[in-house]
Amino acid sequence: MAKYIFVTGGVASSLGKGITAASLGRLLKARGYSVTIQKFDPYLNVDPGTMNPYQHGEVFVTEDGMETDLDLGHYERFIDENLTRYSSVTSGQIFYAVLDRERSGGYNGGTVQIIPHVTNEIKDKLYRIAHDRDVVITEIGGTIGDIEGQSFIEAIRQFQWEVPRGDVLFIHVSLLPYLKSSQELKTKPTQHSVKQLQSQGIQPNMLVCRSDYPVPQEMREKLAQFCNVPAKYIIQNLDAETLYEVPLMLEGEGFADKVCEALGLEIREPDLRDWREVVERFRRPEREVTIALVGKYIQLHDAYLSVAEALRHGGIAHRAHVNIQWVQADDLTEEGANLDEIFANVDGILVPGGFGSRGVEGKMLAAKYAREHNIPYLGICLGLQIAVIEFMRNVCGLKGADSTEFNPDTPDPVIDIMEDQKGKVQTGGTMRLGHYRCALKPGTKARELYGTDAVEERHRHRFEFNNRYLNAMEAHGMIASGRNEERDLVEMVELKEHPWFVACQFHPEFKSRPNRPHPLFAGLIGAALEH
């Protein structure tokens, strides 16, 4: 029987429930327990795949092709496990399933209601994910009191009485604001948040208090009195220099041991040596490198969260601090002075994935600058496509080369829509998603970086390289170094006569871990350091 941990949030959003859940997962895994993590998101979208990044940050993709909340990226990076579609549950999915069943006569003519039908559907997601796991950690998105989250709160309230007593633990993450005028932390917002949770039938077993300042013992005892939580189960969670320090800070609070105690699990000595090494390498770098990240959502760093983290992982591999220079693609112009000024002090250039025509010409200029000035370049998804277009225009002489995504009437569609994407009307969840095999060509940088003949990587795209132009491209020096043999799809390209110019159709950032940096990101940082 699995043990279940539910993480709720109070007072304010963006407190770090996801990092708290991920950190706890890391600490329990370090004690030898098998762990999985799940996110309940109250929004009515089926998934975030159709959302503007300004609404929801990046879209993370699982191995089995589910478009999910960016918190799943944190979960995977911290617990070093590949999660599945069952780790991402939205209100949209729940209502979609209930209504589909009703239309199919699945409720035998009965009245369909929030209780029991919606709550039963939610609980089914909990039972489904628990297979062969010691611990299931479920984060409830949003903040206690949000009307859209009430179905999930009611479902976990019911759930606690359906499994053996002692197998469920409720952890409430709340804010202790600091008032400059009185120079003190205030507990009242957390007290009210806990009362709101109690009014919905849930008594938290632990409080994790987010704070800018240490939480003194007398304040923990005060919270214990007002919130019906033992003082020893009130944990402080302070801001950290890096997210990867949070598990070690919570370990210093005895967080995981107290969770094991509350759940009746054996308290074991953790093995955190690799994690401590990660933090040590991050905090005490020996070198420094600057990577220009060229995108169109630069004001919102969360739109490229996994890419930024993967760059930092590459830095950890080389004991190097990675400075990310955020470059707005629209700001790049044909004038050489503009490019020389922007890229004057960069050691590498990265163009990440994206959709739409805005900023595409600027991204091509970035790829061209990297190509002509021998600056290490990594292109991801759209970053491969624009590198190919730029190369076909300026090296192969096909001045009209383009993608049919940007110019349906281009005379040379070197990037074209995939055959199985043609005619699709719905946009949600219909792209080429999830992991696919990529065979690597011997003697290439790709083969050298990975150290193996074939890999499996995650995808999220509709457009692909048009093989009609493969011979022309390779004749001029850009070779296909990785291919999906089943579909005859070009997955990777690189320049033969360039120190380090590699691009991939897939998204390697989704598989990078702080203790196991992805080879392409480690390779980019290594090449940038040499540059």
# chains A, B, ... in the order shown; residues from 1 in each chain; ligands from 1
>>> select_by_dssp(residues="segment 115-322 of chain A", states="helix (DSSP H, G or I)", output="PyMOL selection string")
chain A and resi 115-129+147-159+188-199+217-227+231-233+243-252+255-263+273-283+301-317
>>> residues_around(residues="segment 322-339 of chain A", least_positions_apart="2", cutoff="8 Å", atoms="only C-alpha atoms", output="MDAnalysis selection string")
chainID A and resid 288:298 308 311:312 315 320 341:344 346 358:363 365:366 369
>>> write_last_selection(atoms="C-alpha atoms", output="PDB file, in the first residue's frame")
ATOM      1  CA  GLU A 288      32.447  31.475 -16.040  1.00  0.00           C
ATOM      2  CA  VAL A 289      30.700  31.406 -19.400  1.00  0.00           C
ATOM      3  CA  THR A 290      28.020  33.530 -21.101  1.00  0.00           C
ATOM      4  CA  ILE A 291      25.310  32.032 -23.310  1.00  0.00           C
ATOM      5  CA  ALA A 292      22.948  34.210 -25.353  1.00  0.00           C
ATOM      6  CA  LEU A 293      19.420  32.781 -25.267  1.00  0.00           C
ATOM      7  CA  VAL A 294      17.528  34.287 -28.220  1.00  0.00           C
ATOM      8  CA  GLY A 295      13.726  34.127 -27.990  1.00  0.00           C
ATOM      9  CA  LYS A 296      10.527  36.136 -28.284  1.00  0.00           C
ATOM     10  CA  TYR A 297       9.299  35.754 -24.675  1.00  0.00           C
ATOM     11  CA  ILE A 298      12.486  37.024 -23.045  1.00  0.00           C
ATOM     12  CA  ALA A 308      17.666  27.763 -18.531  1.00  0.00           C
ATOM     13  CA  LEU A 311      22.151  25.332 -19.251  1.00  0.00           C
ATOM     14  CA  ARG A 312      22.896  25.506 -15.540  1.00  0.00           C
ATOM     15  CA  GLY A 315      27.627  24.487 -16.178  1.00  0.00           C
ATOM     16  CA  ALA A 320      31.310  26.708 -14.519  1.00  0.00           C
ATOM     17  CA  GLU A 341      27.244  44.843 -29.911  1.00  0.00           C
ATOM     18  CA  ILE A 342      24.711  42.279 -28.654  1.00  0.00           C
ATOM     19  CA  PHE A 343      26.975  39.251 -29.126  1.00  0.00           C
ATOM     20  CA  ALA A 344      30.239  40.973 -28.214  1.00  0.00           C
ATOM     21  CA  VAL A 346      28.942  35.814 -25.518  1.00  0.00           C
ATOM     22  CA  ARG A 358       7.323  36.841 -34.748  1.00  0.00           C
ATOM     23  CA  GLY A 359      11.039  37.075 -34.068  1.00  0.00           C
ATOM     24  CA  VAL A 360      11.967  34.444 -36.659  1.00  0.00           C
ATOM     25  CA  GLU A 361      14.151  36.765 -38.762  1.00  0.00           C
ATOM     26  CA  GLY A 362      16.047  37.825 -35.635  1.00  0.00           C
ATOM     27  CA  LYS A 363      16.609  34.203 -34.669  1.00  0.00           C
ATOM     28  CA  LEU A 365      20.388  36.411 -37.741  1.00  0.00           C
ATOM     29  CA  ALA A 366      21.570  34.869 -34.476  1.00  0.00           C
ATOM     30  CA  TYR A 369      26.161  35.188 -36.644  1.00  0.00           C
TER      31      TYR A 369
END
>>> residues_around(residues="segment 370-373 of chain A", least_positions_apart="3", cutoff="12 Å", atoms="only C-alpha atoms", output="PDB file with N, CA, C and O atoms, in the first residue's frame")
ATOM      1  N   ILE A 291      26.090  32.587 -22.208  1.00  0.00           N
ATOM      2  CA  ILE A 291      25.310  32.032 -23.310  1.00  0.00           C
ATOM      3  C   ILE A 291      24.174  32.996 -23.641  1.00  0.00           C
ATOM      4  O   ILE A 291      23.405  33.387 -22.760  1.00  0.00           O
ATOM      5  N   ALA A 292      24.062  33.369 -24.902  1.00  0.00           N
ATOM      6  CA  ALA A 292      22.948  34.210 -25.353  1.00  0.00           C
ATOM      7  C   ALA A 292      21.762  33.303 -25.678  1.00  0.00           C
ATOM      8  O   ALA A 292      21.871  32.406 -26.513  1.00  0.00           O
ATOM      9  N   VAL A 294      18.251  33.393 -27.311  1.00  0.00           N
ATOM     10  CA  VAL A 294      17.528  34.287 -28.220  1.00  0.00           C
ATOM     11  C   VAL A 294      16.094  33.775 -28.395  1.00  0.00           C
ATOM     12  O   VAL A 294      15.871  32.695 -28.952  1.00  0.00           O
ATOM     13  N   GLY A 336      25.234  45.023 -38.962  1.00  0.00           N
ATOM     14  CA  GLY A 336      26.282  44.282 -38.271  1.00  0.00           C
ATOM     15  C   GLY A 336      26.639  44.861 -36.925  1.00  0.00           C
ATOM     16  O   GLY A 336      26.962  44.144 -35.993  1.00  0.00           O
ATOM     17  N   LEU A 339      24.425  43.470 -34.169  1.00  0.00           N
ATOM     18  CA  LEU A 339      24.764  42.102 -33.800  1.00  0.00           C
ATOM     19  C   LEU A 339      26.099  42.045 -33.058  1.00  0.00           C
ATOM     20  O   LEU A 339      26.245  41.321 -32.072  1.00  0.00           O
ATOM     21  N   ASP A 340      27.066  42.816 -33.561  1.00  0.00           N
ATOM     22  CA  ASP A 340      28.376  42.834 -32.900  1.00  0.00           C
ATOM     23  C   ASP A 340      28.264  43.319 -31.464  1.00  0.00           C
ATOM     24  O   ASP A 340      28.942  42.811 -30.565  1.00  0.00           O
ATOM     25  N   PHE A 343      26.256  40.515 -29.320  1.00  0.00           N
ATOM     26  CA  PHE A 343      26.975  39.251 -29.126  1.00  0.00           C
ATOM     27  C   PHE A 343      28.450  39.449 -28.808  1.00  0.00           C
ATOM     28  O   PHE A 343      29.234  38.502 -28.878  1.00  0.00           O
ATOM     29  N   ALA A 344      28.817  40.657 -28.419  1.00  0.00           N
ATOM     30  CA  ALA A 344      30.239  40.973 -28.214  1.00  0.00           C
ATOM     31  C   ALA A 344      30.896  40.082 -27.179  1.00  0.00           C
ATOM     32  O   ALA A 344      32.041  39.660 -27.335  1.00  0.00           O
ATOM     33  N   VAL A 346      29.553  37.128 -25.736  1.00  0.00           N
ATOM     34  CA  VAL A 346      28.942  35.814 -25.518  1.00  0.00           C
ATOM     35  C   VAL A 346      29.890  34.718 -25.972  1.00  0.00           C
ATOM     36  O   VAL A 346      30.687  34.892 -26.893  1.00  0.00           O
ATOM     37  N   ASP A 347      29.799  33.582 -25.315  1.00  0.00           N
ATOM     38  CA  ASP A 347      30.636  32.421 -25.625  1.00  0.00           C
ATOM     39  C   ASP A 347      29.854  31.333 -26.337  1.00  0.00           C
ATOM     40  O   ASP A 347      30.425  30.328 -26.773  1.00  0.00           O
ATOM     41  N   GLY A 348      28.537  31.502 -26.425  1.00  0.00           N
ATOM     42  CA  GLY A 348      27.697  30.541 -27.112  1.00  0.00           C
ATOM     43  C   GLY A 348      26.329  31.149 -27.358  1.00  0.00           C
ATOM     44  O   GLY A 348      25.922  32.093 -26.669  1.00  0.00           O
ATOM     45  N   ILE A 349      25.617  30.626 -28.353  1.00  0.00           N
ATOM     46  CA  ILE A 349      24.284  31.118 -28.701  1.00  0.00           C
ATOM     47  C   ILE A 349      23.320  29.950 -28.729  1.00  0.00           C
ATOM     48  O   ILE A 349      23.624  28.889 -29.296  1.00  0.00           O
ATOM     49  N   LEU A 350      22.157  30.143 -28.127  1.00  0.00           N
ATOM     50  CA  LEU A 350      21.118  29.110 -28.116  1.00  0.00           C
ATOM     51  C   LEU A 350      19.810  29.714 -28.609  1.00  0.00           C
ATOM     52  O   LEU A 350      19.385  30.757 -28.117  1.00  0.00           O
ATOM     53  N   VAL A 351      19.178  29.050 -29.562  1.00  0.00           N
ATOM     54  CA  VAL A 351      17.842  29.436 -30.017  1.00  0.00           C
ATOM     55  C   VAL A 351      16.892  28.305 -29.658  1.00  0.00           C
ATOM     56  O   VAL A 351      17.021  27.194 -30.173  1.00  0.00           O
ATOM     57  N   LYS A 363      15.998  35.478 -35.045  1.00  0.00           N
ATOM     58  CA  LYS A 363      16.609  34.203 -34.669  1.00  0.00           C
ATOM     59  C   LYS A 363      17.524  33.691 -35.776  1.00  0.00           C
ATOM     60  O   LYS A 363      18.590  33.121 -35.513  1.00  0.00           O
ATOM     61  N   MET A 364      17.120  33.905 -37.036  1.00  0.00           N
ATOM     62  CA  MET A 364      17.983  33.514 -38.155  1.00  0.00           C
ATOM     63  C   MET A 364      19.284  34.305 -38.150  1.00  0.00           C
ATOM     64  O   MET A 364      20.360  33.765 -38.437  1.00  0.00           O
ATOM     65  N   LEU A 365      19.175  35.592 -37.825  1.00  0.00           N
ATOM     66  CA  LEU A 365      20.388  36.411 -37.741  1.00  0.00           C
ATOM     67  C   LEU A 365      21.323  35.897 -36.653  1.00  0.00           C
ATOM     68  O   LEU A 365      22.551  35.909 -36.811  1.00  0.00           O
ATOM     69  N   ALA A 366      20.749  35.429 -35.552  1.00  0.00           N
ATOM     70  CA  ALA A 366      21.570  34.869 -34.476  1.00  0.00           C
ATOM     71  C   ALA A 366      22.281  33.611 -34.943  1.00  0.00           C
ATOM     72  O   ALA A 366      23.478  33.407 -34.675  1.00  0.00           O
ATOM     73  N   ALA A 367      21.548  32.727 -35.651  1.00  0.00           N
ATOM     74  CA  ALA A 367      22.159  31.501 -36.163  1.00  0.00           C
ATOM     75  C   ALA A 367      23.253  31.830 -37.192  1.00  0.00           C
ATOM     76  O   ALA A 367      24.326  31.206 -37.208  1.00  0.00           O
ATOM     77  N   PRO A 376      29.962  28.756 -30.720  1.00  0.00           N
ATOM     78  CA  PRO A 376      29.160  27.541 -30.463  1.00  0.00           C
ATOM     79  C   PRO A 376      27.666  27.851 -30.501  1.00  0.00           C
ATOM     80  O   PRO A 376      27.225  28.850 -29.923  1.00  0.00           O
ATOM     81  N   TYR A 377      26.909  26.977 -31.169  1.00  0.00           N
ATOM     82  CA  TYR A 377      25.481  27.206 -31.373  1.00  0.00           C
ATOM     83  C   TYR A 377      24.709  25.926 -31.064  1.00  0.00           C
ATOM     84  O   TYR A 377      25.093  24.832 -31.489  1.00  0.00           O
ATOM     85  N   LEU A 378      23.607  26.072 -30.317  1.00  0.00           N
ATOM     86  CA  LEU A 378      22.671  24.972 -30.102  1.00  0.00           C
ATOM     87  C   LEU A 378      21.284  25.453 -30.494  1.00  0.00           C
ATOM     88  O   LEU A 378      20.771  26.433 -29.941  1.00  0.00           O
ATOM     89  N   GLY A 379      20.676  24.788 -31.462  1.00  0.00           N
ATOM     90  CA  GLY A 379      19.318  25.093 -31.876  1.00  0.00           C
ATOM     91  C   GLY A 379      18.379  23.986 -31.430  1.00  0.00           C
ATOM     92  O   GLY A 379      18.699  22.803 -31.581  1.00  0.00           O
ATOM     93  N   ALA A 387      17.899  27.582 -38.372  1.00  0.00           N
ATOM     94  CA  ALA A 387      19.300  27.398 -38.780  1.00  0.00           C
ATOM     95  C   ALA A 387      19.358  26.800 -40.174  1.00  0.00           C
ATOM     96  O   ALA A 387      20.207  27.187 -40.997  1.00  0.00           O
ATOM     97  N   VAL A 388      18.463  25.857 -40.461  1.00  0.00           N
ATOM     98  CA  VAL A 388      18.412  25.251 -41.792  1.00  0.00           C
ATOM     99  C   VAL A 388      17.978  26.287 -42.835  1.00  0.00           C
ATOM    100  O   VAL A 388      18.580  26.396 -43.911  1.00  0.00           O
ATOM    101  N   GLU A 390      18.231  29.557 -42.758  1.00  0.00           N
ATOM    102  CA  GLU A 390      19.315  30.537 -42.947  1.00  0.00           C
ATOM    103  C   GLU A 390      20.426  29.944 -43.808  1.00  0.00           C
ATOM    104  O   GLU A 390      20.941  30.604 -44.724  1.00  0.00           O
ATOM    105  N   PHE A 391      20.786  28.698 -43.557  1.00  0.00           N
ATOM    106  CA  PHE A 391      21.855  28.035 -44.302  1.00  0.00           C
ATOM    107  C   PHE A 391      21.459  27.843 -45.764  1.00  0.00           C
ATOM    108  O   PHE A 391      22.253  28.095 -46.682  1.00  0.00           O
ATOM    109  N   ASN A 394      21.545  31.441 -47.472  1.00  0.00           N
ATOM    110  CA  ASN A 394      22.793  32.185 -47.577  1.00  0.00           C
ATOM    111  C   ASN A 394      24.000  31.360 -47.996  1.00  0.00           C
ATOM    112  O   ASN A 394      25.024  31.928 -48.402  1.00  0.00           O
ATOM    113  N   VAL A 395      23.912  30.051 -47.897  1.00  0.00           N
ATOM    114  CA  VAL A 395      25.024  29.190 -48.312  1.00  0.00           C
ATOM    115  C   VAL A 395      24.663  28.404 -49.569  1.00  0.00           C
ATOM    116  O   VAL A 395      25.449  28.318 -50.512  1.00  0.00           O
ATOM    117  N   GLY A 477      27.782  21.352 -46.690  1.00  0.00           N
ATOM    118  CA  GLY A 477      28.466  21.272 -45.400  1.00  0.00           C
ATOM    119  C   GLY A 477      27.615  21.172 -44.157  1.00  0.00           C
ATOM    120  O   GLY A 477      28.155  21.086 -43.049  1.00  0.00           O
ATOM    121  N   MET A 478      26.277  21.200 -44.284  1.00  0.00           N
ATOM    122  CA  MET A 478      25.432  20.960 -43.114  1.00  0.00           C
ATOM    123  C   MET A 478      24.875  19.538 -43.241  1.00  0.00           C
ATOM    124  O   MET A 478      24.154  19.231 -44.195  1.00  0.00           O
ATOM    125  N   GLU A 494      24.252  19.351 -38.112  1.00  0.00           N
ATOM    126  CA  GLU A 494      25.439  20.044 -37.593  1.00  0.00           C
ATOM    127  C   GLU A 494      26.304  20.485 -38.769  1.00  0.00           C
ATOM    128  O   GLU A 494      26.199  19.941 -39.877  1.00  0.00           O
ATOM    129  N   LEU A 495      27.155  21.465 -38.527  1.00  0.00           N
ATOM    130  CA  LEU A 495      28.065  21.976 -39.558  1.00  0.00           C
ATOM    131  C   LEU A 495      29.402  21.260 -39.440  1.00  0.00           C
ATOM    132  O   LEU A 495      30.010  21.231 -38.362  1.00  0.00           O
ATOM    133  N   LYS A 496      29.867  20.722 -40.566  1.00  0.00           N
ATOM    134  CA  LYS A 496      31.128  19.973 -40.551  1.00  0.00           C
ATOM    135  C   LYS A 496      32.330  20.873 -40.276  1.00  0.00           C
ATOM    136  O   LYS A 496      33.256  20.473 -39.583  1.00  0.00           O
ATOM    137  N   GLU A 497      32.303  22.073 -40.821  1.00  0.00           N
ATOM    138  CA  GLU A 497      33.483  22.952 -40.741  1.00  0.00           C
ATOM    139  C   GLU A 497      33.351  24.004 -39.647  1.00  0.00           C
ATOM    140  O   GLU A 497      33.994  25.053 -39.723  1.00  0.00           O
ATOM    141  N   HIS A 498      32.556  23.749 -38.657  1.00  0.00           N
ATOM    142  CA  HIS A 498      32.358  24.695 -37.557  1.00  0.00           C
ATOM    143  C   HIS A 498      32.831  24.037 -36.266  1.00  0.00           C
ATOM    144  O   HIS A 498      32.656  22.825 -36.079  1.00  0.00           O
ATOM    145  N   PRO A 499      33.439  24.797 -35.357  1.00  0.00           N
ATOM    146  CA  PRO A 499      33.902  24.177 -34.101  1.00  0.00           C
ATOM    147  C   PRO A 499      32.795  23.458 -33.329  1.00  0.00           C
ATOM    148  O   PRO A 499      33.033  22.386 -32.755  1.00  0.00           O
ATOM    149  N   TRP A 500      31.583  24.044 -33.288  1.00  0.00           N
ATOM    150  CA  TRP A 500      30.482  23.399 -32.548  1.00  0.00           C
ATOM    151  C   TRP A 500      29.174  24.074 -32.939  1.00  0.00           C
ATOM    152  O   TRP A 500      28.790  25.095 -32.371  1.00  0.00           O
ATOM    153  N   PHE A 501      28.498  23.512 -33.923  1.00  0.00           N
ATOM    154  CA  PHE A 501      27.221  24.039 -34.398  1.00  0.00           C
ATOM    155  C   PHE A 501      26.289  22.844 -34.532  1.00  0.00           C
ATOM    156  O   PHE A 501      26.381  22.071 -35.491  1.00  0.00           O
ATOM    157  N   VAL A 502      25.400  22.682 -33.550  1.00  0.00           N
ATOM    158  CA  VAL A 502      24.533  21.497 -33.469  1.00  0.00           C
ATOM    159  C   VAL A 502      23.098  21.959 -33.252  1.00  0.00           C
ATOM    160  O   VAL A 502      22.843  22.888 -32.483  1.00  0.00           O
ATOM    161  N   ALA A 503      22.164  21.320 -33.945  1.00  0.00           N
ATOM    162  CA  ALA A 503      20.748  21.644 -33.750  1.00  0.00           C
ATOM    163  C   ALA A 503      19.931  20.357 -33.769  1.00  0.00           C
ATOM    164  O   ALA A 503      20.298  19.377 -34.428  1.00  0.00           O
ATOM    165  N   ALA A 528      31.662  26.310 -25.374  1.00  0.00           N
ATOM    166  CA  ALA A 528      31.680  27.743 -25.060  1.00  0.00           C
ATOM    167  C   ALA A 528      32.893  28.097 -24.205  1.00  0.00           C
ATOM    168  O   ALA A 528      33.501  29.165 -24.382  1.00  0.00           O
ATOM    169  N   HIS A 531      35.763  28.250 -26.477  1.00  0.00           N
ATOM    170  CA  HIS A 531      35.679  29.448 -27.319  1.00  0.00           C
ATOM    171  C   HIS A 531      36.174  30.662 -26.562  1.00  0.00           C
ATOM    172  O   HIS A 531      36.866  31.522 -27.119  1.00  0.00           O
TER     173      HIS A 531
END
>>> residues_around(residues="segment 444-460 of chain A", least_positions_apart="2", cutoff="7 Å", atoms="only C-alpha atoms", output="compact mmCIF listing (two decimals) with all heavy atoms, in the first residue's frame")
# COMPACT_ATOMS: atom_id res chain seq x y z
N GLU A 63 7.45 11.76 -21.25
CA GLU A 63 7.89 10.72 -22.18
C GLU A 63 6.74 10.22 -23.04
O GLU A 63 6.91 9.93 -24.23
CB GLU A 63 8.49 9.54 -21.40
CG GLU A 63 9.86 9.78 -20.83
CD GLU A 63 10.96 9.66 -21.86
OE1 GLU A 63 11.28 8.54 -22.27
OE2 GLU A 63 11.50 10.71 -22.25
N MET A 431 0.02 17.67 -31.81
CA MET A 431 1.34 17.72 -32.41
C MET A 431 2.04 16.37 -32.29
O MET A 431 1.53 15.44 -31.67
CB MET A 431 2.18 18.81 -31.73
CG MET A 431 1.80 20.20 -32.11
SD MET A 431 2.87 21.45 -31.36
CE MET A 431 2.15 21.55 -29.73
N ARG A 432 3.22 16.28 -32.87
CA ARG A 432 4.08 15.11 -32.63
C ARG A 432 4.65 15.28 -31.23
O ARG A 432 5.49 16.15 -30.99
CB ARG A 432 5.19 15.04 -33.67
CG ARG A 432 6.06 13.78 -33.57
CD ARG A 432 7.09 13.78 -34.68
NE ARG A 432 7.82 12.53 -34.76
CZ ARG A 432 9.15 12.41 -34.64
NH1 ARG A 432 9.89 13.48 -34.39
NH2 ARG A 432 9.73 11.24 -34.76
N LEU A 433 4.19 14.46 -30.31
CA LEU A 433 4.51 14.63 -28.90
C LEU A 433 5.13 13.37 -28.31
O LEU A 433 4.81 12.25 -28.72
CB LEU A 433 3.24 14.98 -28.10
CG LEU A 433 2.57 16.32 -28.42
CD1 LEU A 433 1.16 16.37 -27.85
CD2 LEU A 433 3.41 17.47 -27.85
N GLY A 434 6.02 13.56 -27.35
CA GLY A 434 6.58 12.43 -26.62
C GLY A 434 7.88 11.93 -27.22
O GLY A 434 8.48 12.54 -28.10
N HIS A 435 8.33 10.76 -26.73
CA HIS A 435 9.67 10.29 -27.09
C HIS A 435 9.66 9.47 -28.38
O HIS A 435 8.74 8.69 -28.65
CB HIS A 435 10.26 9.46 -25.94
CG HIS A 435 9.63 8.12 -25.75
ND1 HIS A 435 10.20 6.96 -26.21
CD2 HIS A 435 8.47 7.75 -25.16
CE1 HIS A 435 9.42 5.94 -25.91
NE2 HIS A 435 8.38 6.38 -25.26
N TYR A 436 10.70 9.70 -29.19
CA TYR A 436 10.92 8.97 -30.43
C TYR A 436 12.41 8.65 -30.55
O TYR A 436 13.26 9.36 -30.01
CB TYR A 436 10.46 9.78 -31.64
CG TYR A 436 8.97 9.95 -31.73
CD1 TYR A 436 8.33 11.02 -31.11
CD2 TYR A 436 8.18 9.04 -32.42
CE1 TYR A 436 6.95 11.18 -31.18
CE2 TYR A 436 6.80 9.18 -32.50
CZ TYR A 436 6.19 10.26 -31.88
OH TYR A 436 4.83 10.40 -31.94
N ARG A 437 12.71 7.61 -31.30
CA ARG A 437 14.09 7.16 -31.45
C ARG A 437 14.82 8.01 -32.48
O ARG A 437 14.27 8.42 -33.49
CB ARG A 437 14.11 5.69 -31.88
CG ARG A 437 15.49 5.04 -31.86
CD ARG A 437 15.36 3.55 -32.20
NE ARG A 437 16.62 2.86 -32.03
CZ ARG A 437 17.55 2.75 -32.97
NH1 ARG A 437 17.35 3.32 -34.16
NH2 ARG A 437 18.67 2.08 -32.75
N CYS A 438 16.09 8.25 -32.19
CA CYS A 438 16.96 9.00 -33.10
C CYS A 438 18.27 8.24 -33.24
O CYS A 438 18.99 8.04 -32.26
CB CYS A 438 17.22 10.41 -32.56
SG CYS A 438 18.44 11.36 -33.49
N ALA A 439 18.55 7.77 -34.47
CA ALA A 439 19.82 7.09 -34.75
C ALA A 439 20.88 8.13 -35.07
O ALA A 439 20.62 9.09 -35.81
CB ALA A 439 19.65 6.13 -35.91
N LEU A 440 22.07 7.95 -34.52
CA LEU A 440 23.13 8.95 -34.65
C LEU A 440 24.18 8.48 -35.66
O LEU A 440 24.61 7.32 -35.64
CB LEU A 440 23.78 9.20 -33.29
CG LEU A 440 22.80 9.65 -32.19
CD1 LEU A 440 23.51 9.72 -30.85
CD2 LEU A 440 22.17 10.99 -32.53
N LYS A 441 24.59 9.39 -36.52
CA LYS A 441 25.53 9.07 -37.58
C LYS A 441 26.95 8.97 -37.04
O LYS A 441 27.42 9.88 -36.33
CB LYS A 441 25.46 10.15 -38.66
CG LYS A 441 26.27 9.84 -39.91
CD LYS A 441 26.02 10.90 -40.97
CE LYS A 441 26.76 10.58 -42.26
NZ LYS A 441 26.47 11.57 -43.33
N PRO A 442 27.67 7.88 -37.34
CA PRO A 442 29.06 7.75 -36.86
C PRO A 442 29.93 8.90 -37.36
O PRO A 442 29.72 9.44 -38.46
CB PRO A 442 29.51 6.41 -37.48
CG PRO A 442 28.23 5.66 -37.72
CD PRO A 442 27.21 6.70 -38.08
N SER A 481 22.95 14.60 -38.79
CA SER A 481 23.71 13.72 -37.90
C SER A 481 22.83 12.83 -37.05
O SER A 481 23.32 11.92 -36.38
CB SER A 481 24.62 14.56 -36.99
OG SER A 481 23.87 15.55 -36.30
N PHE A 506 14.15 17.83 -31.56
CA PHE A 506 13.53 17.47 -30.28
C PHE A 506 13.90 18.47 -29.19
O PHE A 506 14.58 19.47 -29.44
CB PHE A 506 13.92 16.05 -29.88
CG PHE A 506 15.40 15.76 -30.01
CD1 PHE A 506 16.30 16.19 -29.05
CD2 PHE A 506 15.89 15.06 -31.11
CE1 PHE A 506 17.66 15.93 -29.16
CE2 PHE A 506 17.25 14.79 -31.23
CZ PHE A 506 18.13 15.22 -30.27
N HIS A 507 13.44 18.19 -27.98
CA HIS A 507 13.66 19.09 -26.84
C HIS A 507 14.52 18.40 -25.77
O HIS A 507 13.99 17.80 -24.83
CB HIS A 507 12.32 19.51 -26.23
CG HIS A 507 11.54 20.46 -27.07
ND1 HIS A 507 11.61 21.83 -26.91
CD2 HIS A 507 10.71 20.24 -28.12
CE1 HIS A 507 10.83 22.41 -27.81
NE2 HIS A 507 10.27 21.47 -28.56
N PRO A 508 15.83 18.50 -25.87
CA PRO A 508 16.70 17.82 -24.90
C PRO A 508 16.59 18.38 -23.49
O PRO A 508 16.92 17.70 -22.52
CB PRO A 508 18.11 18.06 -25.48
CG PRO A 508 17.98 19.32 -26.27
CD PRO A 508 16.60 19.27 -26.87
N PRO A 519 23.71 15.60 -22.52
CA PRO A 519 24.95 15.71 -23.31
C PRO A 519 25.02 16.94 -24.21
O PRO A 519 26.11 17.50 -24.40
CB PRO A 519 24.94 14.42 -24.13
CG PRO A 519 24.13 13.45 -23.34
CD PRO A 519 23.08 14.28 -22.66
N LEU A 520 23.89 17.36 -24.79
CA LEU A 520 23.94 18.52 -25.69
C LEU A 520 24.22 19.81 -24.93
O LEU A 520 24.93 20.69 -25.43
CB LEU A 520 22.65 18.64 -26.48
CG LEU A 520 22.36 17.51 -27.48
CD1 LEU A 520 21.09 17.81 -28.27
CD2 LEU A 520 23.53 17.30 -28.44
N GLY A 523 27.76 19.62 -23.70
CA GLY A 523 28.63 19.86 -24.85
C GLY A 523 28.69 21.32 -25.23
O GLY A 523 29.76 21.84 -25.56
>>> residues_around(residues="Phe282 of chain A", least_positions_apart="4", cutoff="12 Å", atoms="only C-alpha atoms", output="compact mmCIF listing (two decimals) with C-alpha atoms, in the first residue's frame")
# COMPACT_ATOMS: atom_id res chain seq x y z
CA GLU A 241 20.56 30.93 -3.68
CA THR A 242 19.55 28.10 -6.01
CA LEU A 243 16.50 25.84 -6.10
CA TYR A 244 18.77 22.84 -5.70
CA GLU A 245 19.71 23.98 -2.21
CA TRP A 275 22.99 16.16 -4.51
CA ARG A 276 25.48 17.85 -2.20
CA GLU A 277 28.05 17.63 -5.00
CA VAL A 278 25.60 19.37 -7.37
CA GLU A 286 35.86 27.60 -11.12
CA ARG A 287 35.07 29.28 -14.43
CA GLU A 288 32.45 31.47 -16.04
CA GLU A 309 17.92 24.95 -15.98
CA LEU A 311 22.15 25.33 -19.25
CA ARG A 312 22.90 25.51 -15.54
CA HIS A 313 23.20 21.71 -15.47
CA GLY A 314 25.74 21.96 -18.28
CA GLY A 315 27.63 24.49 -16.18
CA ILE A 316 27.57 22.15 -13.18
CA ALA A 317 29.16 19.43 -15.33
CA HIS A 318 32.12 21.75 -16.03
CA ARG A 319 32.23 23.53 -12.67
CA ALA A 320 31.31 26.71 -14.52
CA HIS A 321 28.89 29.50 -13.69
CA VAL A 322 26.56 30.10 -16.64
CA PRO A 514 21.22 18.60 -12.23
CA ASN A 515 23.10 15.40 -11.34
